[in-house]
Amino acid sequence: MSAPPATMRAARFHGPGDLRVETVPVPRPGPGELLVAVGAAATNGTDAKSLRRGHPVLLPDPPCGFGHEWAGTVAALGDGVSGFAVGDRVTGANSAPCGRCRPCLRGEPSRCTDLPPYLNGAYAEYLVLPARLVAANVVAVPDGMALELAAIVQTVACCVHGAEIAGAGPGTTVAVLGLGPIGLGLVAACHARGARVLGVGRRRAERLRLARAFGAEAAVNDPGELAGLTGEEGPDIVVEAVGQPQAWSQAVAAVRRGGTVVLFGGLPRGDVPLDPYRIHYHELTLRGSYHHTPAAIREALALLAGGASPFAELLTHAYPLGRVAEPLAQAAGLAEPDD
């Protein structure tokens with residue numbers, strides 16, 4: 001592999017709604033760091049929201065790089081890096097736990113108190129990976145696996161972590177509310193852990209088909225239909241993957257007595273209409289699920305590589321770097337969608 005050039009093209013965030021592809025110097029890796037030639041960079045709802053309104057953690061000091069889901073080829077190694085070589089195909093997370101704080105020492109890396117700053121800048125020809133990330137959360141892409149598929153490992157890892165938080169496993173019935181890409185990832189992750197999975201989504205028939213392809217035994221349009229699929233009792237576990245107050249309420253209403261509700265879709269601070277009678281008298285457990293762990297990154301990569309679920313069907317469009325702002329602006333509601 002030839003030496004990296006002096007300059008590269010990179011998408012730079014200048015403020016809400018303002019993403020520009022500019023020519024900038026190629027960064028050089030410091031001690032413990034890797035320079036990666038980006039082969040594929042994915043996008044999700046976080047990127048769209050960040051473009052629309054900015055982000056105090058991901059984008060704290062514009063102008064700055066943009067994009068956090070990536071896969072590529074090692075182009076240069078910083079001093080002291082071991083386990084990687086120029087030419088290796090790699091992917092990984094956008095953060096790594098510190099390993100020193102109390103949650104990390106308790107074996108709870110997703111609750112690390114020192115996660116930020118998060119990696120950003122994947123929409124570029126080259127990306128430097130920080131030393132802490134290289135040490136804990138960069139993994140080799142299996143032979144034969146497309147970099148485009150490897151680039152979504154972070155999103156799938158969040159779903160894997162959510163399935164773990166839920167306690168999905170043999171003998172449990174899990175309902176996933178919401179059948180967007182995240183909901184489908186949760187269906188696959190819960191199914192891979194041996195759970196019976198039911199999908200719920202007010203979407204077109206194609207999403208219900210995909211839910212079955214990702215491992216759902218059944219997929220329905222309304223949470224009210226779950227009772228009939230569970231002996232009128234309700235699922236053992238309901239995972240909310242919509243990120244709307246109404247869906248949080250529906251999850252609490254749908255779960256069985258003594259069941260667990262995982263609130264996966266994040267909401268801003270404020271009041272959410274949850275039924276206190278059900279929570280208290282039916283002894284429900286409510287859990288949040290955030291981010292991922294190093295173990296989840298590796299499990300997610302294995303899930304993607306295994307081919308049991310058609311994750312490649314979620315990769316619907318490909319854009320060159322020079323046009324990266326177009327799909328993001330459409331997803332953020334800042335531009336009309338293409339015909």
# chains A, B, ... in the order shown; residues from 1 in each chain; ligands from 1

$ residues_around --residues "Thr43 (chain A)" --least-positions-apart "3" --cutoff "8 Å" --atoms "only C-alpha atoms" --output "JSON, numbers by chain"
{"A": [46, 47, 48, 67, 68, 69, 328]}

$ write_last_selection --atoms "N, CA, C and O atoms" --output "tab-separated table (two decimals), in the first residue's frame"
chain	number	residue	atom	x	y	z
A	46	THR	N	-28.66	9.38	14.26
A	46	THR	CA	-27.84	10.30	15.04
A	46	THR	C	-27.17	11.33	14.15
A	46	THR	O	-27.12	12.53	14.47
A	47	ASP	N	-26.65	10.90	12.98
A	47	ASP	CA	-26.02	11.83	12.06
A	47	ASP	C	-27.02	12.85	11.54
A	47	ASP	O	-26.71	14.04	11.42
A	48	ALA	N	-28.22	12.37	11.18
A	48	ALA	CA	-29.24	13.28	10.65
A	48	ALA	C	-29.62	14.33	11.70
A	48	ALA	O	-29.71	15.53	11.40
A	67	GLY	N	-19.42	12.18	10.90
A	67	GLY	CA	-19.58	10.76	10.62
A	67	GLY	C	-18.85	9.91	11.64
A	67	GLY	O	-17.71	10.20	11.99
A	68	HIS	N	-19.50	8.84	12.12
A	68	HIS	CA	-18.91	8.04	13.19
A	68	HIS	C	-19.00	6.54	12.96
A	68	HIS	O	-18.58	5.77	13.82
A	69	GLU	N	-19.53	6.10	11.82
A	69	GLU	CA	-19.58	4.66	11.51
A	69	GLU	C	-18.66	4.40	10.32
A	69	GLU	O	-18.86	4.97	9.25
A	328	LEU	N	-27.84	13.00	3.93
A	328	LEU	CA	-27.95	13.48	5.30
A	328	LEU	C	-28.96	14.61	5.40
A	328	LEU	O	-29.76	14.66	6.34

$ closest_atom_pairs --of "region 185-287 of chain A" --to "region 305-319 of chain A" --cutoff "8 Å" --atoms "only C-alpha atoms" --output "JSON lines"
{"residue": "A:Ala188", "atom": "CA", "partner": "A:Ser309", "partner_atom": "CA", "distance": 6.5}
{"residue": "A:Ala213", "atom": "CA", "partner": "A:Ser309", "partner_atom": "CA", "distance": 6.5}
{"residue": "A:Phe214", "atom": "CA", "partner": "A:Ser309", "partner_atom": "CA", "distance": 4.8}
{"residue": "A:Gly215", "atom": "CA", "partner": "A:Ser309", "partner_atom": "CA", "distance": 7.2}

$ residues_around --residues "Arg100 (chain A)" --least-positions-apart "3" --cutoff "9 Å" --atoms "only C-alpha atoms" --output "list in words"
Pro97, Pro103, Cys104, Leu105, Cys112 and Asp114 of chain A

$ residues_around --residues "region 251-259 of chain A" --least-positions-apart "3" --cutoff "7 Å" --atoms "only C-alpha atoms" --output "list in words"
Pro223, Glu233, Gly234, Pro235, Asp236, Ile237, Val238, Glu240, Ala247, Trp248, Leu274, His282, Glu283, Leu284 and Thr285 of chain A

$ residues_around --residues "Val57 (chain A)" --least-positions-apart "3" --cutoff "9 Å" --atoms "only C-alpha atoms" --output "list in words"
Pro60, Pro116, Pro117 and Tyr118 of chain A

$ residues_around --residues "Val74 (chain A)" --least-positions-apart "2" --cutoff "10 Å" --atoms "only C-alpha atoms" --output "count of residues only"
21

$ decode --residues "region 180-207 of chain A" --atoms "N, CA, C and O atoms" --output "mmCIF file, in the first residue's frame"
data_model
loop_
_atom_site.group_PDB
_atom_site.id
_atom_site.type_symbol
_atom_site.label_atom_id
_atom_site.label_comp_id
_atom_site.auth_asym_id
_atom_site.auth_seq_id
_atom_site.Cartn_x
_atom_site.Cartn_y
_atom_site.Cartn_z
ATOM 1 N N GLY A 180 -37.769 -0.146 12.284
ATOM 2 C CA GLY A 180 -36.752 0.512 11.495
ATOM 3 C C GLY A 180 -35.467 -0.294 11.571
ATOM 4 O O GLY A 180 -35.434 -1.394 12.141
ATOM 5 N N PRO A 181 -34.365 0.217 11.041
ATOM 6 C CA PRO A 181 -33.104 -0.530 11.094
ATOM 7 C C PRO A 181 -32.688 -0.936 12.507
ATOM 8 O O PRO A 181 -32.196 -2.053 12.723
ATOM 9 N N ILE A 182 -32.889 -0.045 13.483
ATOM 10 C CA ILE A 182 -32.550 -0.391 14.867
ATOM 11 C C ILE A 182 -33.452 -1.511 15.373
ATOM 12 O O ILE A 182 -32.987 -2.482 15.989
ATOM 13 N N GLY A 183 -34.753 -1.403 15.149
ATOM 14 C CA GLY A 183 -35.663 -2.445 15.593
ATOM 15 C C GLY A 183 -35.347 -3.792 14.961
ATOM 16 O O GLY A 183 -35.382 -4.829 15.632
ATOM 17 N N LEU A 184 -35.011 -3.778 13.671
ATOM 18 C CA LEU A 184 -34.654 -5.029 13.004
ATOM 19 C C LEU A 184 -33.363 -5.602 13.588
ATOM 20 O O LEU A 184 -33.222 -6.825 13.746
ATOM 21 N N GLY A 185 -32.410 -4.724 13.917
ATOM 22 C CA GLY A 185 -31.188 -5.193 14.569
ATOM 23 C C GLY A 185 -31.472 -5.812 15.920
ATOM 24 O O GLY A 185 -30.862 -6.833 16.299
ATOM 25 N N LEU A 186 -32.408 -5.245 16.656
ATOM 26 C CA LEU A 186 -32.793 -5.819 17.950
ATOM 27 C C LEU A 186 -33.489 -7.160 17.769
ATOM 28 O O LEU A 186 -33.281 -8.087 18.558
ATOM 29 N N VAL A 187 -34.332 -7.271 16.745
ATOM 30 C CA VAL A 187 -34.963 -8.566 16.443
ATOM 31 C C VAL A 187 -33.884 -9.622 16.214
ATOM 32 O O VAL A 187 -33.923 -10.725 16.785
ATOM 33 N N ALA A 188 -32.893 -9.278 15.375
ATOM 34 C CA ALA A 188 -31.825 -10.236 15.070
ATOM 35 C C ALA A 188 -31.018 -10.590 16.305
ATOM 36 O O ALA A 188 -30.678 -11.765 16.533
ATOM 37 N N ALA A 189 -30.693 -9.589 17.125
ATOM 38 C CA ALA A 189 -29.866 -9.837 18.307
ATOM 39 C C ALA A 189 -30.601 -10.689 19.334
ATOM 40 O O ALA A 189 -30.008 -11.584 19.958
ATOM 41 N N CYS A 190 -31.895 -10.425 19.534
ATOM 42 C CA CYS A 190 -32.666 -11.225 20.492
ATOM 43 C C CYS A 190 -32.857 -12.643 19.966
ATOM 44 O O CYS A 190 -32.776 -13.619 20.726
ATOM 45 N N HIS A 191 -33.105 -12.773 18.680
ATOM 46 C CA HIS A 191 -33.251 -14.096 18.078
ATOM 47 C C HIS A 191 -31.955 -14.897 18.199
ATOM 48 O O HIS A 191 -31.980 -16.104 18.504
ATOM 49 N N ALA A 192 -30.820 -14.226 17.984
ATOM 50 C CA ALA A 192 -29.519 -14.911 18.073
ATOM 51 C C ALA A 192 -29.251 -15.417 19.484
ATOM 52 O O ALA A 192 -28.497 -16.385 19.653
ATOM 53 N N ARG A 193 -29.858 -14.798 20.499
ATOM 54 C CA ARG A 193 -29.679 -15.240 21.883
ATOM 55 C C ARG A 193 -30.668 -16.347 22.267
ATOM 56 O O ARG A 193 -30.686 -16.786 23.411
ATOM 57 N N GLY A 194 -31.496 -16.779 21.320
ATOM 58 C CA GLY A 194 -32.393 -17.901 21.561
ATOM 59 C C GLY A 194 -33.786 -17.543 21.992
ATOM 60 O O GLY A 194 -34.566 -18.432 22.356
ATOM 61 N N ALA A 195 -34.141 -16.246 21.966
ATOM 62 C CA ALA A 195 -35.476 -15.828 22.384
ATOM 63 C C ALA A 195 -36.489 -16.040 21.262
ATOM 64 O O ALA A 195 -36.148 -16.061 20.080
ATOM 65 N N ARG A 196 -37.732 -16.196 21.658
ATOM 66 C CA ARG A 196 -38.848 -16.100 20.715
ATOM 67 C C ARG A 196 -39.121 -14.610 20.531
ATOM 68 O O ARG A 196 -39.331 -13.889 21.516
ATOM 69 N N VAL A 197 -39.127 -14.143 19.288
ATOM 70 C CA VAL A 197 -39.212 -12.709 19.031
ATOM 71 C C VAL A 197 -40.474 -12.392 18.236
ATOM 72 O O VAL A 197 -40.806 -13.076 17.258
ATOM 73 N N LEU A 198 -41.157 -11.330 18.660
ATOM 74 C CA LEU A 198 -42.318 -10.792 17.958
ATOM 75 C C LEU A 198 -42.002 -9.347 17.559
ATOM 76 O O LEU A 198 -41.464 -8.591 18.369
ATOM 77 N N GLY A 199 -42.322 -8.974 16.343
ATOM 78 C CA GLY A 199 -42.069 -7.615 15.882
ATOM 79 C C GLY A 199 -43.358 -6.827 15.783
ATOM 80 O O GLY A 199 -44.408 -7.368 15.407
ATOM 81 N N VAL A 200 -43.275 -5.543 16.124
ATOM 82 C CA VAL A 200 -44.438 -4.653 16.026
ATOM 83 C C VAL A 200 -44.007 -3.393 15.304
ATOM 84 O O VAL A 200 -43.071 -2.709 15.741
ATOM 85 N N GLY A 201 -44.664 -3.079 14.191
ATOM 86 C CA GLY A 201 -44.286 -1.872 13.470
ATOM 87 C C GLY A 201 -45.415 -1.348 12.611
ATOM 88 O O GLY A 201 -46.017 -2.097 11.839
ATOM 89 N N ARG A 202 -45.701 -0.080 12.764
ATOM 90 C CA ARG A 202 -46.708 0.560 11.906
ATOM 91 C C ARG A 202 -46.015 1.015 10.625
ATOM 92 O O ARG A 202 -45.812 2.205 10.373
ATOM 93 N N ARG A 203 -45.611 0.051 9.838
ATOM 94 C CA ARG A 203 -44.846 0.319 8.627
ATOM 95 C C ARG A 203 -45.477 -0.434 7.467
ATOM 96 O O ARG A 203 -46.400 -1.226 7.625
ATOM 97 N N ARG A 204 -44.941 -0.223 6.300
ATOM 98 C CA ARG A 204 -45.395 -0.948 5.122
ATOM 99 C C ARG A 204 -45.115 -2.448 5.281
ATOM 100 O O ARG A 204 -44.325 -2.871 6.121
ATOM 101 N N ALA A 205 -45.754 -3.227 4.436
ATOM 102 C CA ALA A 205 -45.635 -4.681 4.514
ATOM 103 C C ALA A 205 -44.191 -5.135 4.386
ATOM 104 O O ALA A 205 -43.807 -6.170 4.950
ATOM 105 N N GLU A 206 -43.348 -4.366 3.681
ATOM 106 C CA GLU A 206 -41.950 -4.744 3.514
ATOM 107 C C GLU A 206 -41.238 -4.834 4.856
ATOM 108 O O GLU A 206 -40.403 -5.724 5.074
ATOM 109 N N ARG A 207 -41.544 -3.928 5.797
ATOM 110 C CA ARG A 207 -40.902 -3.978 7.114
ATOM 111 C C ARG A 207 -41.354 -5.211 7.897
ATOM 112 O O ARG A 207 -40.563 -5.820 8.629
#
